[in-house]
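Single-structure report; data block below.
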Amino acid sequence: MVSIENLHKKFNKNSVLSGVNLNITEGGIVTILGPNGSGKTTLVKSILGMVIPNKGSISVLGENIKNNSGYRHKIDYLPQIANFPNNLKVKELIKMIKDLRGDTNEDRHLIELFTLEPFLDKKLGTLSGGTKQKVNLVLTFMFDSPLIIMDEPTTGLDPISLIRLKDLIQKEKAKGKTILITSHIMSFVEEVSDEIVFLLEGQIHFRGSISKLKNKTKQPDFEHAIASILTENYA
Amino acid sequence: MKNLWLFFIAILMAYPTYAQNIEICNTCAISTLKKAISTAKDFDTILIKKGTYKEYNIVVDKPLTIIGKNYPVIDGELKGEIITVTADNVTIDGLFIINVGTSYTEDYAAIRVKRSKNFVIQNLVLEKLFFGIYLEKSRDGKVLHNKIIGDAIEEYNSGNGIQLWYSHNIEIEHNFVQHVRDGIYLEFSDDCLIKNNVSTENLRYGLHFMFSNNDIYQDNTFEKNGAGVAVMFSKKIKMLDNIFKENWGTASYGMLLKEINDAEITGNTFEENTIGINIEGSNRIVYKNNNFINNGWAIKVRGACYTNSFIENNFLYNSFDISYNSKVNDNVFDKNYWTSYTGYDLDKDGIGDVPYRPVKLFSYIVNRTPETIILLRSLFIDIIDFSEKVSPVFTPDNLLDNNPLIKKATW
Amino acid sequence: MLKILKYSFFDLMRSRWSYVYFAFYLLLSIVLLFLNNDLSKAVITLMNVIIVLVPLIGTIFGVMYYYNSKEFTELLLAQPLKRSSIFLGQYLGVAISLSMSLILGLGIPFIFYGLFKSNAIWDFSLLLITGTFLTLIFTALAFNIALINENKIKGFGYAILLWLFLAIIYDGLFLMSLILFEDYPLDKLSLVGTMLNPIDLSRTLILLKLDISALLGYTGAVFKKFFGTGFGLTISFIMLTIWVILPVLLIVIKSKKKDF
């Protein structure tokens, strides 16, 4: 599905990714974990082509992404911070994205799911962070793409919406889609992930299922397992 | 022998009447102008019928009237001067004269009037000429409705359209002169009237005065000449209602004034000339009611010009209105209309409340380094012009129009 | 690209800045016409104003739009769109809406004043063409500045500096070097110097129209050929086009290498 080979990225002199090799097979949910600044977002953005790697290659669904934009048709992306043009209305934004990517009817159902109807005629600049995130989710899930990438999907969501999001993720997984998530919320990660990728100092430190991680670190629960990786390295 | 007979018959036929007509044509008994003149008596009329007459050095030494019917061609075959008038009271009318000889030692003309009075030269068409109409030490004549079309290429081997030399009280009206060296040239000629002529595309000047006084030129058009009109070393010339247009080039101007005193320049239009009027050493001239439109420099003053006054002129869209090359000013500018004037008129009396300063600092810079002209209308130049305006350093600080008009002057 | 252009354009058409810009030109031409009572004179004054103001507004507006629409850009980047079409679309959206404000803002009052019956119409069209070129050029330069500088304040600073340099300082240096080297033949140098600055280039186009009589007073053969024939006009337009193409290409290149 996604294969990354020897990926390097520097911002100025600050090396963020240094030799990442990752191969994600089709189907299932992969979570990318790591402390702040470990390069999670950079990795995700590299896959999306928003960050241009210094070295290495990435291919998505067999297509090399360099100087390519068509492959993004097969990706639904949920950006980390929901920044939208402020003087656009919610309705117009949805319409615009549909105009750019192709028509779909999924949006109606999703709007209902996240109870966004009252906000459709409001300008994006006036919405709260949580509502913006819901709009963000609508925009992501309204297309039916084989790969879904979500950068901190739970930010600002209320408990009900969070449950709906989890349901939604499971449903998509059931369709056989590949889902790539970055998150800080351990409980969320533990609940949804089939496999985790742990990034540390720009490299993949661990890759495998949660139980494998627990075994490796000899810790009974997930949070402690993660903590032990970090203490091991920084102690 | 046969010719003699014909001659005899002609004389017999001519004899009985006083001031009779002599007709010449290619097949007539008298087939040349020379012969007709020698046959004619004083005050006779010679009628030239349509045809081509290959003659030159024709001397008109009697008071005769020579009239061409339907423009007969007198072809000088480039051999020299064609007609020379040496008698008084001669009229020459309606000829088509071509192929005047060119010489570096003698000024051959299509028609030369020499030491004569009361002549009329009219309705001629002159082509392929060296000099056109040359008046020499003559007076009280008229040169009317002639069309002179030269093909001058170089100044040194071409002549002038109408030239006056020591000739006084001549009227030159409704002539059309093109492609010669100087369209009309006056040297040592006083009391002449030059009116309603059109002088265009001449190599040097459309009209040229040298040492000629008390002349008037009026309602003429001078267009696309090498250097417009030059008035030099002359006194009391009146220049009225002429049009000076599109005289473009490095040393080109609508009008050049050099050592001119007490002239009157009124009602003229200077349009799209590189320099409207170029003034050198000229004093006590009144410039009134002239239009200066779209010239590079409306007026360029090159020093030694005193007590001139510029009153009620319109300066419209000139790149530079006035250019001075010294800091001294003794000339008066009053009640002119300047399109570049940016002042206001709060008391609504039609006169701007702030004086106008027509000389820009930039015109100095351009005088010094001509290439800088490319920076014309640059913001930087506007800024330095403005600072000069506020506190003049390089330009004469008394050079002001204290009463700039708010609306175009009309007369 | 056309879709992006459409959205940027309508986004701008809705923003109040376009109206401010439009209103400014409207006011400017009304005031000029009112004060001058004369169409040709108003056109000449406008030319002087336009070649300085349009670049300023173009740069400031371009930089401002880029920074303000960062979110929009990021949203678009995740969509299956080419980077070049995103940035060219946005650029054209800004440049076209600015040009439209210029053309309408100046055009409407002049049309009401009887432009079509006046012989100033050619000067006026030249003015609008030059204004549009300048908008295209300076918006593109502004986008480049914004693409290079993440920091807004820095970006604005450089934008104003760029304008200041090209509108004023450049001519000052130009004038000084001409006077300094006045003993040498300068006509080629002065023409080249003009070509290298789009503001000067537009100015020569206007000079060709208004000050041809003065320009022909200069002796240089190159100068004469340039100003005396259609040569100058052609070269100037070619150079202006190059001045548009180069920064636009640079936008494409820069945007391809940039991380978001």
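All residue names refer to the structure tokens as shown: chains lettered A, B, ... in order, residues numbered from 1 in each chain, ligands numbered from 1 in order.
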### Task
Find the residues in chain B near chain C: any atom within 8 Å counts, using only C-alpha atoms. Write them as number ranges by chain.
B: 246, 248-252, 272-275, 294-297, 317-319, 339, 369-380
Hey, could you make a per-residue contact list for chain A against chain C with 7 Å as the cut-off, showing the nearest pair of atoms and its distance in Å to one decimal, counting only C-alpha atoms, sorted by chain and number, as a tab-separated table?
```
residue	atom	partner	partner_atom	distance
A:Leu48	CA	C:Ala78	CA	6.5
A:Met50	CA	C:Phe260	CA	5.5
A:Val51	CA	C:Asp259	CA	4.3
A:Ile52	CA	C:Asp259	CA	5.9
A:Ser69	CA	C:Pro80	CA	5.3
A:Gly70	CA	C:Pro80	CA	5.5
A:Tyr71	CA	C:Pro80	CA	6.9
A:Arg72	CA	C:Pro80	CA	4.5
A:His73	CA	C:Pro80	CA	5.3
A:Tyr77	CA	C:Ala78	CA	6.6
A:Asn83	CA	C:Glu71	CA	5.0
A:Phe84	CA	C:Glu71	CA	5.2
A:Pro85	CA	C:Phe72	CA	5.1
```
Identify, on the basis of only C-alpha atoms, every residue whose closest approach to segment 110-125 of chain A does not exceed 7 Å; exclude the query and any residue fewer than 5 positions from it along the same chain; express the result as a PDB file with C-alpha atoms, in the first residue's frame.
```
ATOM      1  CA  PHE A  84      -9.833  26.684   6.742  1.00  0.00           C
ATOM      2  CA  PRO A  85     -10.299  29.853   4.730  1.00  0.00           C
ATOM      3  CA  ASN A  86     -12.138  32.030   7.193  1.00  0.00           C
ATOM      4  CA  ASN A  87     -14.572  33.824   4.961  1.00  0.00           C
ATOM      5  CA  LEU A  88     -15.926  30.660   3.418  1.00  0.00           C
ATOM      6  CA  LYS A  89     -19.164  29.082   4.645  1.00  0.00           C
ATOM      7  CA  VAL A  90     -19.195  25.411   5.711  1.00  0.00           C
ATOM      8  CA  LYS A  91     -21.530  24.572   2.876  1.00  0.00           C
ATOM      9  CA  LYS A 134     -16.067  17.803  12.740  1.00  0.00           C
ATOM     10  CA  VAL A 138     -16.747  15.223   7.070  1.00  0.00           C
ATOM     11  CA  SER A 161     -18.353  12.519  18.424  1.00  0.00           C
TER      12      SER A 161
END
```
### Task
Determine which residues of segment 74-253 of chain C DSSP labels as alpha helix (DSSP H) from the backbone of this structure, then write them out as number ranges by chain.
C: 74-77, 83-112, 121-148, 152-164, 170-180, 187-195, 198-210, 212-215, 221-228, 231-253
### Residue neighbourhood segment 190-194 of chain A, 9 Å, only C-alpha atoms, exclusion window fewer than 4 positions, as a list of chain:residue names
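Contacts, in chain order: A:Gly28, A:Ile29, A:Val30, A:Thr31, A:Lys166, A:Ile169, A:Gln170, A:Ile181, A:Ile185, A:Met186, A:Gly208, A:Ser209, A:Ile210, A:Phe222, A:Glu223.
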### Message
Need to verify the contact set: Lys389 of chain B, 10 Å, only C-alpha atoms, exclusion of same-chain residues closer than 5 positions in sequence. Can you return it as a PyMOL selection string?
### Response
chain B and resi 356-361+383-384+395+397
Residues of the last selection are to be written out with C-alpha atoms, as a short mmCIF file (atom, residue, chain, number, x, y, z; two decimals), in the first residue's frame.
```cif
data_model
loop_
_atom_site.label_atom_id
_atom_site.label_comp_id
_atom_site.auth_asym_id
_atom_site.auth_seq_id
_atom_site.Cartn_x
_atom_site.Cartn_y
_atom_site.Cartn_z
CA TYR B 356 4.42 78.52 -11.14
CA ARG B 357 8.06 77.68 -11.64
CA PRO B 358 8.44 76.57 -15.26
CA VAL B 359 12.09 75.51 -15.14
CA LYS B 360 12.70 72.06 -13.73
CA LEU B 361 15.94 70.85 -12.25
CA ILE B 383 11.23 64.09 -6.04
CA ILE B 384 14.37 66.00 -6.96
CA THR B 395 17.46 77.28 -11.52
CA ASP B 397 14.89 81.74 -8.38
#
```
### Message
Which residues are near Val229 of chain B? Cut-off 8 Å, only C-alpha atoms, ignore same chain within fewer than 6 positions. Put them as a list of chain:residue names.
### Response
B:Tyr205, B:Gly206, B:Leu207, B:His208, B:Phe222, B:Tyr253, B:Gly254, B:Met255, B:Leu256
Those same residues, written as a PDB file, in the first residue's frame with N, CA and C atoms?
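Saved file result_38.pdb follows:
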```pdb
ATOM      1  N   TYR B 205      15.926  74.545 -43.292  1.00  0.00           N
ATOM      2  CA  TYR B 205      14.869  75.316 -42.650  1.00  0.00           C
ATOM      3  C   TYR B 205      13.656  75.479 -43.546  1.00  0.00           C
ATOM      4  N   GLY B 206      12.508  75.550 -42.918  1.00  0.00           N
ATOM      5  CA  GLY B 206      11.299  75.852 -43.673  1.00  0.00           C
ATOM      6  C   GLY B 206      11.344  77.287 -44.149  1.00  0.00           C
ATOM      7  N   LEU B 207      11.836  78.154 -43.263  1.00  0.00           N
ATOM      8  CA  LEU B 207      11.967  79.575 -43.576  1.00  0.00           C
ATOM      9  C   LEU B 207      13.215  80.054 -42.870  1.00  0.00           C
ATOM     10  N   HIS B 208      13.971  80.907 -43.553  1.00  0.00           N
ATOM     11  CA  HIS B 208      15.263  81.288 -43.008  1.00  0.00           C
ATOM     12  C   HIS B 208      15.489  82.782 -43.233  1.00  0.00           C
ATOM     13  N   PHE B 222       4.788  75.343 -41.235  1.00  0.00           N
ATOM     14  CA  PHE B 222       6.118  74.759 -41.392  1.00  0.00           C
ATOM     15  C   PHE B 222       6.111  73.399 -40.736  1.00  0.00           C
ATOM     16  N   TYR B 253      14.043  72.340 -34.213  1.00  0.00           N
ATOM     17  CA  TYR B 253      13.143  73.164 -33.414  1.00  0.00           C
ATOM     18  C   TYR B 253      12.053  73.699 -34.308  1.00  0.00           C
ATOM     19  N   GLY B 254      10.980  74.143 -33.685  1.00  0.00           N
ATOM     20  CA  GLY B 254       9.956  74.832 -34.447  1.00  0.00           C
ATOM     21  C   GLY B 254      10.571  76.106 -34.992  1.00  0.00           C
ATOM     22  N   MET B 255      11.189  76.868 -34.075  1.00  0.00           N
ATOM     23  CA  MET B 255      11.747  78.140 -34.475  1.00  0.00           C
ATOM     24  C   MET B 255      13.067  78.379 -33.761  1.00  0.00           C
ATOM     25  N   LEU B 256      14.021  78.878 -34.499  1.00  0.00           N
ATOM     26  CA  LEU B 256      15.310  79.228 -33.901  1.00  0.00           C
ATOM     27  C   LEU B 256      15.469  80.734 -33.970  1.00  0.00           C
TER      28      LEU B 256
END
```
### Task
Mind giving me the straight-line distance from atom CA of Phe237 of chain C to atom CA of Leu141 of chain C in Å, one decimal?
18.3 Å
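Checking C:Phe143, C:Phe165, C:Trp122, C:Tyr67 one by one against Pro247 of chain C, counting only C-alpha atoms, you find the shortest gap at C:Phe143.
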### Two-atom distance - atom CA of Lys128 of chain B, atom CA of Tyr156 of chain B (Å)
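About the pair atom CA of Lys128 of chain B and atom CA of Tyr156 of chain B: they are 16.0 Å apart.
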## Note on the structure
atom CA of Leu164 of chain C sits from atom CA of Thr241 of chain C at a separation of 22.0 Å
### Message
I'd like the contact shell of segment 117-121 of chain C - 12 Å cut-off, only C-alpha atoms, skipping same-chain residues fewer than 5 positions apart - returned as a count of residues only.
### Response
16
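Residue-level DSSP output for segment 91-189 of chain A, from the backbone, shows strand (DSSP E or B) at Lys123, Leu147, Ile148, Ile149, Met150, Asp151, Thr178, Ile179, Leu180, Ile181 and Thr182 of chain A.
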